[in-house]
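Text of the file run25.tsv, holding TSV, C-alpha atoms and all ligand atoms:
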chain	number	residue	atom	x	y	z
A	534	MET	CA	308.61	181.25	198.78
A	535	GLU	CA	311.76	179.16	198.77
A	536	ILE	CA	310.14	175.74	198.67
A	537	PHE	CA	313.06	173.50	199.62
A	538	LYS	CA	314.09	175.87	202.39
A	539	TYR	CA	310.56	175.76	203.80
A	540	MET	CA	310.40	171.96	203.44
A	541	GLU	CA	313.70	171.60	205.24
A	542	GLN	CA	312.68	173.99	208.02
A	543	TYR	CA	309.61	171.89	208.92
A	544	ASP	CA	311.01	168.56	207.72
A	545	TYR	CA	308.58	167.73	204.89
A	546	GLU	CA	309.03	164.50	202.96
A	547	GLN	CA	307.39	165.18	199.61
A	548	LEU	CA	305.49	167.72	197.53
A	549	LEU	CA	303.76	166.68	194.30
A	550	PHE	CA	302.20	168.72	191.52
A	551	CYS	CA	299.50	166.88	189.55
A	552	GLN	CA	298.21	168.32	186.26
A	553	ASP	CA	295.60	167.00	183.84
A	554	LYS	CA	294.85	169.33	180.94
A	555	GLU	CA	291.64	167.65	179.71
A	556	SER	CA	289.83	167.84	183.06
A	557	GLY	CA	291.52	171.01	184.32
A	558	LEU	CA	293.00	169.26	187.38
A	559	LYS	CA	295.66	171.23	189.17
A	560	ALA	CA	296.38	169.48	192.46
A	561	ILE	CA	299.16	169.76	194.99
A	562	ILE	CA	299.73	166.82	197.33
A	563	ALA	CA	301.92	167.54	200.35
A	564	ILE	CA	303.23	164.68	202.47
A	565	HIS	CA	304.73	165.90	205.70
A	566	ASP	CA	305.75	162.88	207.77
A	567	THR	CA	305.09	159.14	207.49
A	568	THR	CA	306.84	157.95	210.66
A	569	LEU	CA	303.58	156.69	212.17
A	570	GLY	CA	302.17	155.28	208.93
A	571	PRO	CA	300.79	156.37	205.55
A	572	ALA	CA	299.86	160.04	205.34
A	573	LEU	CA	296.11	160.59	205.70
A	574	GLY	CA	294.52	163.98	205.11
A	575	GLY	CA	291.69	165.47	203.12
A	576	THR	CA	291.52	167.23	199.77
A	577	ARG	CA	290.58	170.91	199.80
A	578	MET	CA	289.22	172.58	196.66
A	579	TRP	CA	289.55	176.33	196.78
A	580	MET	CA	290.07	179.37	194.56
A	581	TYR	CA	293.52	180.42	195.70
A	582	GLU	CA	294.79	183.93	195.01
A	583	SER	CA	298.04	182.50	193.64
A	584	GLU	CA	299.85	179.20	193.14
A	585	GLU	CA	302.14	180.17	195.99
A	586	ALA	CA	299.16	180.54	198.33
A	587	ALA	CA	297.97	177.06	197.30
A	588	ILE	CA	301.38	175.49	197.92
A	589	GLU	CA	301.63	177.18	201.31
A	590	ASP	CA	298.16	176.00	202.29
A	591	ALA	CA	298.90	172.40	201.23
A	592	LEU	CA	302.15	172.40	203.21
A	593	ARG	CA	300.68	173.96	206.34
A	594	LEU	CA	297.64	171.69	206.31
A	595	ALA	CA	299.77	168.56	205.74
A	596	ARG	CA	301.96	169.34	208.74
A	597	GLY	CA	298.83	169.92	210.80
A	598	MET	CA	297.67	166.42	209.83
A	599	THR	CA	300.91	164.87	211.11
A	600	TYR	CA	300.26	166.44	214.50
A	601	LYS	CA	296.51	165.74	214.40
A	602	ASN	CA	296.92	162.06	213.61
A	603	ALA	CA	299.69	161.63	216.17
A	604	ALA	CA	297.79	163.43	218.94
A	605	ALA	CA	294.66	161.40	218.17
A	606	GLY	CA	296.62	158.17	218.66
A	607	LEU	CA	296.27	157.08	215.01
A	608	ASN	CA	298.94	155.03	213.25
A	609	LEU	CA	298.99	157.48	210.40
A	610	GLY	CA	301.25	160.21	209.12
A	611	GLY	CA	300.25	163.62	207.81
A	612	GLY	CA	299.43	164.79	204.30
A	613	LYS	CA	296.94	166.97	202.50
A	614	THR	CA	295.91	167.93	198.97
A	615	VAL	CA	294.69	171.19	197.58
A	616	ILE	CA	292.96	171.38	194.21
A	617	ILE	CA	293.02	174.83	192.67
A	618	GLY	CA	289.54	175.76	191.43
A	619	ASP	CA	286.03	176.81	192.30
A	620	PRO	CA	284.21	173.85	193.86
A	621	ARG	CA	280.88	175.24	192.65
A	622	LYS	CA	281.91	175.53	188.99
A	623	ASP	CA	285.11	173.69	188.13
A	624	LYS	CA	284.45	170.11	189.25
A	625	ASN	CA	283.97	167.22	186.84
A	626	GLU	CA	284.19	163.44	187.00
A	627	ALA	CA	287.34	163.26	184.86
A	628	MET	CA	289.11	165.60	187.28
A	629	PHE	CA	288.54	163.38	190.33
A	630	ARG	CA	289.35	160.25	188.29
A	631	ALA	CA	292.65	161.79	187.18
A	632	PHE	CA	293.35	162.77	190.76
A	633	GLY	CA	292.53	159.22	191.91
A	634	ARG	CA	295.08	157.83	189.46
A	635	PHE	CA	297.75	160.16	190.81
A	636	ILE	CA	296.97	158.94	194.35
A	637	GLN	CA	297.10	155.31	193.23
A	638	GLY	CA	300.56	156.02	191.80
A	639	LEU	CA	301.75	156.80	195.32
A	640	ASN	CA	300.94	153.21	196.26
A	641	GLY	CA	299.54	154.00	199.71
A	642	ARG	CA	301.96	156.70	200.86
A	643	TYR	CA	299.02	159.11	200.84
A	644	ILE	CA	295.33	158.43	201.57
A	645	THR	CA	292.75	161.11	200.95
A	646	ALA	CA	289.30	162.14	202.29
A	647	GLU	CA	287.01	165.19	202.22
A	648	ASP	CA	287.90	168.71	203.25
A	649	VAL	CA	286.49	172.15	202.44
A	650	GLY	CA	285.08	172.11	198.89
A	651	THR	CA	284.96	168.33	198.40
A	652	THR	CA	282.17	165.86	199.11
A	653	VAL	CA	281.37	162.17	199.57
A	654	ALA	CA	280.33	162.08	195.89
A	655	ASP	CA	283.82	163.31	194.90
A	656	MET	CA	285.43	160.62	197.09
A	657	ASP	CA	283.24	157.98	195.43
A	658	ILE	CA	284.63	159.01	192.03
A	659	ILE	CA	288.21	158.89	193.35
A	660	TYR	CA	287.44	155.40	194.68
A	661	GLU	CA	286.85	154.26	191.08
A	662	GLU	CA	290.59	154.75	190.53
A	663	THR	CA	292.26	154.05	193.86
A	664	ASP	CA	291.95	152.14	197.11
A	665	TYR	CA	293.62	154.97	198.97
A	666	VAL	CA	290.57	157.10	199.67
A	667	THR	CA	288.29	157.24	202.72
A	668	GLY	CA	285.07	159.07	203.57
A	669	ILE	CA	283.35	157.21	200.72
A	670	SER	CA	279.63	156.35	200.74
A	671	PRO	CA	278.15	154.11	203.43
A	672	ALA	CA	276.85	152.06	200.46
A	673	PHE	CA	280.44	150.81	200.10
A	674	GLY	CA	280.51	149.87	203.79
A	675	SER	CA	282.36	153.09	204.53
A	676	SER	CA	281.95	155.99	206.90
A	677	GLY	CA	280.52	158.68	204.58
A	678	ASN	CA	280.67	162.39	205.36
A	679	PRO	CA	283.14	163.06	208.23
A	680	SER	CA	281.72	166.51	209.11
A	681	PRO	CA	279.03	165.46	211.63
A	682	VAL	CA	281.62	163.37	213.47
A	683	THR	CA	284.13	166.23	213.44
A	684	ALA	CA	281.36	168.39	214.89
A	685	TYR	CA	280.69	165.91	217.67
A	686	GLY	CA	284.40	165.80	218.56
A	687	VAL	CA	284.55	169.60	218.65
A	688	TYR	CA	281.50	169.63	220.91
A	689	ARG	CA	283.18	167.16	223.30
A	690	GLY	CA	286.45	169.10	223.26
A	691	MET	CA	284.60	172.37	223.84
A	692	LYS	CA	283.03	170.89	226.96
A	693	ALA	CA	286.48	169.93	228.26
A	694	ALA	CA	287.68	173.49	227.58
A	695	ALA	CA	284.62	174.94	229.34
A	696	LYS	CA	285.43	172.82	232.38
A	697	GLU	CA	288.94	174.23	232.43
A	698	ALA	CA	287.76	177.83	232.09
A	699	PHE	CA	284.50	177.87	234.05
A	700	GLY	CA	284.82	174.91	236.42
A	701	SER	CA	281.92	173.00	234.81
A	702	ASP	CA	281.62	171.37	231.42
A	703	SER	CA	277.98	172.35	231.02
A	704	LEU	CA	277.36	174.61	228.05
A	705	GLU	CA	273.82	175.41	229.12
A	706	GLY	CA	273.30	179.18	229.10
A	707	LYS	CA	276.77	179.84	227.66
A	708	THR	CA	276.97	182.31	224.78
A	709	ILE	CA	278.95	180.81	221.92
A	710	ALA	CA	280.07	182.78	218.85
A	711	VAL	CA	280.47	180.56	215.81
A	712	GLN	CA	282.42	181.76	212.77
A	713	GLY	CA	281.33	179.88	209.61
A	714	VAL	CA	278.29	177.63	209.73
A	715	GLY	CA	279.13	175.12	207.00
A	716	ASN	CA	279.18	171.34	207.16
A	717	VAL	CA	280.91	170.99	210.53
A	718	ALA	CA	279.52	174.02	212.32
A	719	TYR	CA	275.91	173.37	211.33
A	720	ASN	CA	276.15	170.06	213.21
A	721	LEU	CA	278.09	171.68	216.05
A	722	CYS	CA	275.35	174.31	216.43
A	723	ARG	CA	272.78	171.51	216.70
A	724	HIS	CA	274.65	169.92	219.65
A	725	LEU	CA	275.12	173.30	221.32
A	726	HIS	CA	271.47	174.27	220.85
A	727	GLU	CA	270.35	170.92	222.27
A	728	GLU	CA	272.44	171.60	225.38
A	729	GLY	CA	270.87	175.02	225.83
A	730	ALA	CA	273.69	177.29	224.63
A	731	LYS	CA	272.94	180.71	223.11
A	732	LEU	CA	274.38	181.03	219.62
A	733	ILE	CA	275.77	184.05	217.77
A	734	VAL	CA	276.77	183.10	214.23
A	735	THR	CA	278.22	184.48	211.04
A	736	ASP	CA	279.02	183.26	207.54
A	737	ILE	CA	279.66	184.82	204.15
A	738	ASN	CA	276.96	182.46	202.86
A	739	LYS	CA	273.63	184.02	203.83
A	740	GLU	CA	271.61	180.82	203.31
A	741	ALA	CA	273.85	178.92	205.73
A	742	VAL	CA	273.27	181.65	208.33
A	743	GLN	CA	269.53	181.64	207.74
A	744	ARG	CA	269.35	177.89	208.40
A	745	VAL	CA	270.93	178.10	211.88
A	746	VAL	CA	268.91	181.21	212.73
A	747	GLU	CA	265.69	179.38	211.88
A	748	GLU	CA	266.55	175.96	213.26
A	749	PHE	CA	268.52	176.85	216.39
A	750	GLY	CA	267.39	180.39	217.23
A	751	ALA	CA	270.87	181.77	216.57
A	752	LYS	CA	271.52	185.51	216.36
A	753	ALA	CA	273.34	186.54	213.16
A	754	VAL	CA	276.10	189.17	212.90
A	755	ASP	CA	278.25	190.42	210.00
A	756	PRO	CA	281.46	188.45	209.33
A	757	ASN	CA	283.72	191.26	210.57
A	758	ASP	CA	281.79	191.65	213.82
A	759	ILE	CA	282.08	188.08	215.12
A	760	TYR	CA	285.42	188.60	216.90
A	761	GLY	CA	284.19	191.36	219.16
A	762	VAL	CA	280.81	189.98	220.23
A	763	ASP	CA	280.13	189.48	223.93
A	764	CYS	CA	280.43	185.74	224.43
A	765	ASP	CA	281.90	183.02	226.63
A	766	ILE	CA	283.31	180.86	223.85
A	767	PHE	CA	284.55	181.69	220.36
A	768	ALA	CA	284.34	178.79	217.88
A	769	PRO	CA	286.29	179.41	214.66
A	770	CYS	CA	284.78	177.03	212.09
A	771	ALA	CA	285.62	178.66	208.73
A	772	LEU	CA	289.18	178.98	207.45
A	773	GLY	CA	292.59	179.30	209.10
A	774	GLY	CA	294.73	182.22	210.32
A	775	ILE	CA	291.89	184.02	212.07
A	776	ILE	CA	293.67	184.42	215.41
A	777	ASN	CA	295.99	187.24	214.51
A	778	ASP	CA	297.14	190.77	215.37
A	779	GLN	CA	293.92	192.34	214.06
A	780	THR	CA	291.44	189.96	215.71
A	781	ILE	CA	293.04	189.28	219.11
A	782	PRO	CA	292.44	192.78	220.54
A	783	GLN	CA	288.73	192.41	219.73
A	784	LEU	CA	288.21	189.07	221.50
A	785	LYS	CA	285.99	188.96	224.59
A	786	ALA	CA	285.70	185.17	224.86
A	787	LYS	CA	287.34	183.25	227.70
A	788	VAL	CA	287.62	180.10	225.55
A	789	ILE	CA	288.57	179.48	221.91
A	790	ALA	CA	287.41	176.07	220.71
A	791	GLY	CA	286.44	175.41	217.10
A	792	ALA	CA	286.82	173.20	214.04
A	793	ALA	CA	288.96	175.29	211.70
A	794	ASN	CA	292.45	174.06	210.85
A	795	ASN	CA	295.46	176.32	211.52
A	796	GLN	CA	293.58	178.88	213.60
A	797	LEU	CA	296.71	180.67	214.83
A	798	ARG	CA	298.17	182.81	212.05
A	799	GLU	CA	301.60	182.48	213.67
A	800	ALA	CA	302.79	180.56	216.72
A	801	ARG	CA	303.32	183.82	218.62
A	802	HIS	CA	299.56	184.43	218.49
A	803	GLY	CA	299.20	181.33	220.66
A	804	ASP	CA	301.54	182.95	223.18
A	805	ILE	CA	299.55	186.20	223.17
A	806	ILE	CA	296.18	184.56	223.85
A	807	HIS	CA	297.81	182.46	226.56
A	808	GLU	CA	299.10	185.60	228.28
A	809	MET	CA	295.60	187.08	228.05
A	810	GLY	CA	294.29	184.08	230.02
A	811	ILE	CA	292.21	182.71	227.16
A	812	VAL	CA	291.77	178.93	227.29
A	813	TYR	CA	292.66	177.72	223.79
A	814	ALA	CA	291.72	174.17	222.74
A	815	PRO	CA	294.35	173.46	220.05
A	816	ASP	CA	292.69	173.09	216.65
A	817	TYR	CA	294.19	169.81	215.55
A	818	VAL	CA	293.35	168.08	218.84
A	819	ILE	CA	289.74	169.23	219.02
A	820	ASN	CA	288.89	168.74	215.31
A	821	ALA	CA	290.24	165.19	214.94
A	822	GLY	CA	286.81	163.51	214.98
A	823	GLY	CA	286.53	163.35	211.19
A	824	VAL	CA	289.92	161.82	210.62
A	825	ILE	CA	289.43	159.35	213.48
A	826	ASN	CA	286.17	158.29	211.83
A	827	VAL	CA	287.52	157.89	208.28
A	828	ALA	CA	290.70	156.18	209.54
A	829	ASP	CA	288.52	153.45	211.01
A	830	GLU	CA	287.64	152.44	207.42
A	831	LEU	CA	291.16	151.07	207.12
A	832	TYR	CA	290.19	148.40	209.68
A	833	GLY	CA	286.76	147.73	208.11
A	834	TYR	CA	284.47	150.50	209.31
A	835	ASN	CA	282.81	150.04	212.70
A	836	ARG	CA	280.91	153.15	213.81
A	837	GLU	CA	280.74	152.17	217.47
A	838	ARG	CA	284.50	151.67	217.66
A	839	ALA	CA	285.13	154.94	215.82
A	840	MET	CA	282.78	156.93	218.06
A	841	LYS	CA	284.45	155.55	221.19
A	842	LYS	CA	287.72	157.04	219.93
A	843	VAL	CA	286.03	160.32	219.07
A	844	GLU	CA	284.72	160.54	222.66
A	845	GLN	CA	288.38	160.50	223.73
A	846	ILE	CA	288.82	164.01	222.33
A	847	TYR	CA	287.46	165.25	225.68
A	848	ASN	CA	290.31	163.44	227.46
A	849	ASN	CA	292.88	164.49	224.86
A	850	ILE	CA	292.00	168.15	225.43
A	851	GLU	CA	292.22	167.61	229.20
A	852	LYS	CA	295.64	166.02	228.70
A	853	VAL	CA	296.82	169.05	226.73
A	854	PHE	CA	295.76	171.33	229.60
A	855	GLU	CA	297.63	169.08	232.06
A	856	ILE	CA	300.85	169.23	230.00
A	857	ALA	CA	300.47	173.01	229.63
A	858	LYS	CA	300.23	173.40	233.41
A	859	ARG	CA	302.94	170.85	234.18
A	860	ASP	CA	305.45	172.46	231.81
A	861	ASN	CA	304.15	176.02	232.22
A	862	ILE	CA	303.64	176.51	228.47
A	863	PRO	CA	300.73	177.65	226.26
A	864	THR	CA	298.30	174.94	225.16
A	865	TYR	CA	299.34	175.02	221.48
A	866	LYS	CA	302.88	174.13	222.56
A	867	ALA	CA	301.59	171.44	224.91
A	868	ALA	CA	299.67	169.83	222.02
A	869	ASP	CA	302.80	169.88	219.85
A	870	ARG	CA	304.75	168.27	222.67
A	871	MET	CA	302.13	165.52	223.04
A	872	ALA	CA	302.20	164.75	219.30
A	873	GLU	CA	305.99	165.00	218.95
A	874	GLU	CA	306.58	162.67	221.91
A	875	ARG	CA	304.43	159.99	220.26
A	876	ILE	CA	306.17	160.35	216.89
A	877	GLU	CA	309.59	160.20	218.54
A	878	LYS	CA	308.70	157.05	220.50
A	879	MET	CA	307.58	155.33	217.32
A	880	ARG	CA	310.65	156.51	215.40
A	881	GLN	CA	312.80	154.74	217.95
A	882	SER	CA	310.80	151.50	217.93
A	883	ARG	CA	310.88	151.47	214.09
A	884	SER	CA	314.66	151.21	214.10
A	885	GLN	CA	314.38	147.47	214.83
A	886	PHE	CA	314.63	145.45	211.60
A	887	LEU	CA	311.47	143.58	210.56
A	888	GLN	CA	311.30	141.77	207.24
A	889	ASN	CA	307.87	142.08	205.55
A	890	GLY	CA	306.65	144.42	208.29
A	891	HIS	CA	302.92	144.62	209.00
A	892	HIS	CA	301.18	148.00	208.92
A	893	ILE	CA	297.74	149.53	208.75
A	894	LEU	CA	297.36	149.05	204.98
A	895	SER	CA	298.19	145.33	205.07
A	896	ARG	CA	294.53	144.75	205.82
A	897	ARG	CA	293.55	146.33	202.51
A	898	ARG	CA	295.79	144.19	200.35
A	899	GLY	CA	293.14	141.51	199.92
A	900	ARG	CA	290.63	143.93	198.31
B	1	LIG	N1	284.80	168.64	207.43
B	1	LIG	C1	285.54	168.07	208.37
B	1	LIG	O1	285.28	166.93	208.79
B	1	LIG	C2	286.70	168.80	208.96
B	1	LIG	C3	286.87	170.16	208.77
B	1	LIG	N2	287.90	170.81	209.38
B	1	LIG	C4	288.06	172.24	209.20
B	1	LIG	O2	286.91	172.92	209.70
B	1	LIG	C5	286.64	174.07	208.91
B	1	LIG	C6	285.22	174.00	208.35
B	1	LIG	O3	285.09	172.85	207.55
B	1	LIG	P1	283.72	172.49	206.82
B	1	LIG	O4	282.59	172.81	207.69
B	1	LIG	O5	283.89	171.13	206.29
B	1	LIG	O6	283.77	173.51	205.61
B	1	LIG	P2	282.55	174.24	204.87
B	1	LIG	O7	283.11	174.78	203.61
B	1	LIG	O8	281.36	173.36	204.80
B	1	LIG	O9	282.22	175.42	205.89
B	1	LIG	C7	283.01	176.56	206.03
B	1	LIG	C8	282.05	177.74	206.10
B	1	LIG	O10	282.81	178.90	206.40
B	1	LIG	C9	282.28	179.97	205.64
B	1	LIG	N3	283.28	181.02	205.52
B	1	LIG	C10	284.38	181.08	204.72
B	1	LIG	N4	285.03	182.23	204.94
B	1	LIG	C11	284.36	182.90	205.91
B	1	LIG	C12	284.55	184.14	206.58
B	1	LIG	N5	285.57	184.93	206.29
B	1	LIG	N6	283.67	184.50	207.52
B	1	LIG	C13	282.61	183.71	207.83
B	1	LIG	N7	282.38	182.52	207.23
B	1	LIG	C14	283.24	182.13	206.28
B	1	LIG	C15	281.88	179.34	204.32
B	1	LIG	O11	280.94	180.12	203.63
B	1	LIG	C16	281.31	177.99	204.78
B	1	LIG	O12	279.92	178.04	205.03
B	1	LIG	C17	287.75	174.11	207.85
B	1	LIG	O13	288.80	174.89	208.32
B	1	LIG	C18	288.18	172.66	207.75
B	1	LIG	O14	289.50	172.51	207.27
B	1	LIG	C19	288.77	170.17	210.21
B	1	LIG	C20	288.65	168.84	210.43
B	1	LIG	C21	287.65	168.04	209.77
B	2	LIG	C1	288.34	165.90	206.90
B	2	LIG	C2	289.12	164.80	207.53
B	2	LIG	C3	288.56	163.49	207.15
B	2	LIG	C4	290.58	164.83	207.31
B	2	LIG	C5	291.24	166.15	207.30
B	2	LIG	O1	291.75	166.55	206.27
B	2	LIG	C6	291.23	167.01	208.47
B	2	LIG	O2	290.97	166.55	209.60
B	2	LIG	O3	291.51	168.22	208.32

With the file now loaded, output its structure as structure tokens.
Amino acid sequence: MEIFKYMEQYDYEQLLFCQDKESGLKAIIAIHDTTLGPALGGTRMWMYESEEAAIEDALRLARGMTYKNAAAGLNLGGGKTVIIGDPRKDKNEAMFRAFGRFIQGLNGRYITAEDVGTTVADMDIIYEETDYVTGISPAFGSSGNPSPVTAYGVYRGMKAAAKEAFGSDSLEGKTIAVQGVGNVAYNLCRHLHEEGAKLIVTDINKEAVQRVVEEFGAKAVDPNDIYGVDCDIFAPCALGGIINDQTIPQLKAKVIAGAANNQLREARHGDIIHEMGIVYAPDYVINAGGVINVADELYGYNRERAMKKVEQIYNNIEKVFEIAKRDNIPTYKAADRMAEERIEKMRQSRSQFLQNGHHILSRRRGR
């Protein structure tokens, strides 16, 4: 990978490598765009096949956060961290403290939160070293684990997508195939079960599958079989890149609506599913509930206010469908257009000089 070439192609601002020998920390912080405000995005801990794969993931996820935060109407830019390691074996307090000090060194350009492989407890350790972390324990007056809120936003967005595809937003009696039943999807399955949907699930973690089978009467299938099951809605809730040349021909669903980031392996896969008549709820619009919730901490967390914004995901998905129809483009392009228009508007308004400008982090200065 030619890093600067890639950064130039997608207009990245910054890429940082953080190393701490004692604790074993190897972290990559990618900051994509701070036009709207400081870059907010979670920290993923994962056993990457190579350093190149980790860099690519950090970059792709950071760019996704720019679009997610813009489309959600947040005054925040996009960034993300990946920590290379096994979250079950390689974590220690010193590692997250060292990471917290690296974040503090960025002086607010990047704010972190949870993602796959990191928890509220990890964020609490980071908070010992920096102000620029969200998703910390409610004991600190904060919002805690973002996953249930992400799940609620996905549920709302899925209803909007169902309305587009089936003419009604009721999910009662709909068969929904869920890939990955971790933190977000467990909570999503609960909402879907409560509404009377039929669930088909898979996960590489057998205990996670067992839980949703027992609690929500889900039917379990092997991980490779989830794409081809007979269903109305496919909800990708594991990792990215799963809408690709191998999986698309297997799909029977009329709707794709799930929590995973970067679901389309390449942009052209968004064109293919569009041509097939599949209603795709763009990932970063539908899964913004978690970031909307943690971002509210920057104003002094108020759950009611945050949840009102999360409810808006239904309308945001509807808006994407409207733009797609108006401009005769696939929904993933319509979402990009919505996000880019907001960033561009703000870029123009920022060109007016303001000494000692006020921004979202000003409220935190007193802490
Ligand atoms: N946690 C949050 O608030 C947010 C999460 N997301 C995205 O949603 C997705 C899920 O996040 P979480 O639930 O937090 O992660 P998680 O790690 O709790 O759950 C992911 C699940 O997917 C399973 N999995 C991994 N590879 C699989 C495969 N090939 N086939 C089937 N299952 C597989 C894992 O075993 C795990 O149970 C990720 O892509 C994440 O980036 C997006 C926005 C916010
Ligand atoms: C988990 C969220 C709080 C932030 C994030 O990184 C995301 O939405 O992907």

For this session: Find the distance between atom O3 of ligand LIG 2 (chain B) and atom CA of A:Asp829 and write it in Å to one decimal.
Result: 15.3 Å

Problem set entry | Close residues to ligand LIG 1 (chain B) using all atoms listed in the file, limit 7 Å, as a ChimeraX atom specification | /A:647-650,679-680,682-683,712-718,735-738,741,756,770-773,792-794,820-824

Given 6 Å of margin on each side, can you work out the centre and size in Å (one decimal) of an axis-aligned box holding every listed atom of ligand LIG 2 (chain B), as lines of an AutoDock Vina configuration file?
center_x = 290.0
center_y = 165.9
center_z = 207.9
size_x = 15.4
size_y = 16.7
size_z = 15.3

For this session: Just the residues within 7 Å of stretch 859-865 of chain A, please, counting all atoms listed in the file, with nothing from its chain fewer than 3 positions along; format it as a PyMOL selection string.
Result: chain A and resi 803-804+807+813+815+853-856+868-869

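Nearest to A:Ala672 of all the residues A:Leu548, A:Ala603, A:Val653, A:Met809 is A:Val653, counting all atoms listed in the file.
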
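The two atoms in question, atom CA of A:Thr663 and atom CA of A:Glu546, are spaced 21.8 Å apart.
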
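Going from atom CA of A:Gln845 to atom C5 of ligand LIG 2 (chain B) covers 17.6 Å.
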
For A:Thr651: contacts at 9 Å, only C-alpha atoms, fewer than 4 positions along chain excluded, given as a PDB file with C-alpha atoms, keeping the file's coordinate frame:
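The resulting file, result38.pdb, is reproduced below:
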ATOM      1  CA  GLY A 575     291.690 165.470 203.120  1.00  0.00           C
ATOM      2  CA  THR A 576     291.520 167.230 199.770  1.00  0.00           C
ATOM      3  CA  ARG A 577     290.580 170.910 199.800  1.00  0.00           C
ATOM      4  CA  MET A 578     289.220 172.580 196.660  1.00  0.00           C
ATOM      5  CA  PRO A 620     284.210 173.850 193.860  1.00  0.00           C
ATOM      6  CA  ALA A 646     289.300 162.140 202.290  1.00  0.00           C
ATOM      7  CA  GLU A 647     287.010 165.190 202.220  1.00  0.00           C
ATOM      8  CA  ASP A 655     283.820 163.310 194.900  1.00  0.00           C
ATOM      9  CA  MET A 656     285.430 160.620 197.090  1.00  0.00           C
TER      10      MET A 656
END

Problem set entry | All residues 8 Å or closer to A:Val788, all atoms listed in the file, same chain fewer than 4 positions away omitted, as a PyMOL selection string | chain A and resi 694-695+698+765-767+811-814

Exercise. Do you know which residues are at most 9 Å from A:Cys722 counting only C-alpha atoms, after dropping those on the same chain fewer than 2 positions away, and could you put them as a ChimeraX atom specification?
Worked result: /A:684,688,711,714,717-720,724-727,730,732,745,749,751

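You can rank A:Phe699, A:Tyr600, A:Phe632, A:Phe550 by their closest distance to ligand LIG 2 (chain B) using all atoms listed in the file, and at the top of that list sits A:Tyr600.
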
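The nearest approach to A:Ala627 among the residues A:Lys601, A:Lys554, A:Arg801, A:Arg870, with all atoms listed in the file taken into account, belongs to A:Lys554.
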
Repair of stretch 813-827 of chain A at the level of N, CA and C atoms, as a PDB file, keeping the file's coordinate frame:
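Output saved as out.pdb:
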ATOM      1  N   TYR A 813     292.692 178.101 225.207  1.00  0.00           N
ATOM      2  CA  TYR A 813     292.660 177.720 223.790  1.00  0.00           C
ATOM      3  C   TYR A 813     292.738 176.201 223.649  1.00  0.00           C
ATOM      4  N   ALA A 814     291.711 175.615 223.032  1.00  0.00           N
ATOM      5  CA  ALA A 814     291.720 174.170 222.740  1.00  0.00           C
ATOM      6  C   ALA A 814     292.385 173.998 221.380  1.00  0.00           C
ATOM      7  N   PRO A 815     293.611 173.475 221.321  1.00  0.00           N
ATOM      8  CA  PRO A 815     294.350 173.460 220.050  1.00  0.00           C
ATOM      9  C   PRO A 815     293.549 172.799 218.930  1.00  0.00           C
ATOM     10  N   ASP A 816     293.557 173.490 217.775  1.00  0.00           N
ATOM     11  CA  ASP A 816     292.690 173.090 216.650  1.00  0.00           C
ATOM     12  C   ASP A 816     292.831 171.620 216.266  1.00  0.00           C
ATOM     13  N   TYR A 817     294.067 171.163 216.096  1.00  0.00           N
ATOM     14  CA  TYR A 817     294.190 169.810 215.550  1.00  0.00           C
ATOM     15  C   TYR A 817     293.859 168.718 216.577  1.00  0.00           C
ATOM     16  N   VAL A 818     293.771 169.085 217.842  1.00  0.00           N
ATOM     17  CA  VAL A 818     293.350 168.080 218.840  1.00  0.00           C
ATOM     18  C   VAL A 818     291.819 168.025 218.874  1.00  0.00           C
ATOM     19  N   ILE A 819     291.196 169.199 218.859  1.00  0.00           N
ATOM     20  CA  ILE A 819     289.740 169.230 219.020  1.00  0.00           C
ATOM     21  C   ILE A 819     289.001 168.832 217.731  1.00  0.00           C
ATOM     22  N   ASN A 820     289.636 169.020 216.551  1.00  0.00           N
ATOM     23  CA  ASN A 820     288.890 168.740 215.310  1.00  0.00           C
ATOM     24  C   ASN A 820     289.256 167.405 214.673  1.00  0.00           C
ATOM     25  N   ALA A 821     289.770 166.473 215.490  1.00  0.00           N
ATOM     26  CA  ALA A 821     290.240 165.190 214.940  1.00  0.00           C
ATOM     27  C   ALA A 821     289.118 164.162 214.731  1.00  0.00           C
ATOM     28  N   GLY A 822     287.891 164.495 215.077  1.00  0.00           N
ATOM     29  CA  GLY A 822     286.810 163.510 214.980  1.00  0.00           C
ATOM     30  C   GLY A 822     286.639 162.937 213.576  1.00  0.00           C
ATOM     31  N   GLY A 823     286.728 163.800 212.578  1.00  0.00           N
ATOM     32  CA  GLY A 823     286.530 163.350 211.190  1.00  0.00           C
ATOM     33  C   GLY A 823     287.601 162.375 210.756  1.00  0.00           C
ATOM     34  N   VAL A 824     288.839 162.698 211.069  1.00  0.00           N
ATOM     35  CA  VAL A 824     289.920 161.820 210.620  1.00  0.00           C
ATOM     36  C   VAL A 824     289.903 160.504 211.413  1.00  0.00           C
ATOM     37  N   ILE A 825     289.530 160.589 212.687  1.00  0.00           N
ATOM     38  CA  ILE A 825     289.430 159.350 213.480  1.00  0.00           C
ATOM     39  C   ILE A 825     288.370 158.442 212.836  1.00  0.00           C
ATOM     40  N   ASN A 826     287.272 159.057 212.418  1.00  0.00           N
ATOM     41  CA  ASN A 826     286.170 158.290 211.830  1.00  0.00           C
ATOM     42  C   ASN A 826     286.570 157.665 210.491  1.00  0.00           C
ATOM     43  N   VAL A 827     287.171 158.468 209.594  1.00  0.00           N
ATOM     44  CA  VAL A 827     287.520 157.890 208.280  1.00  0.00           C
ATOM     45  C   VAL A 827     288.662 156.882 208.413  1.00  0.00           C
TER      46      VAL A 827
END
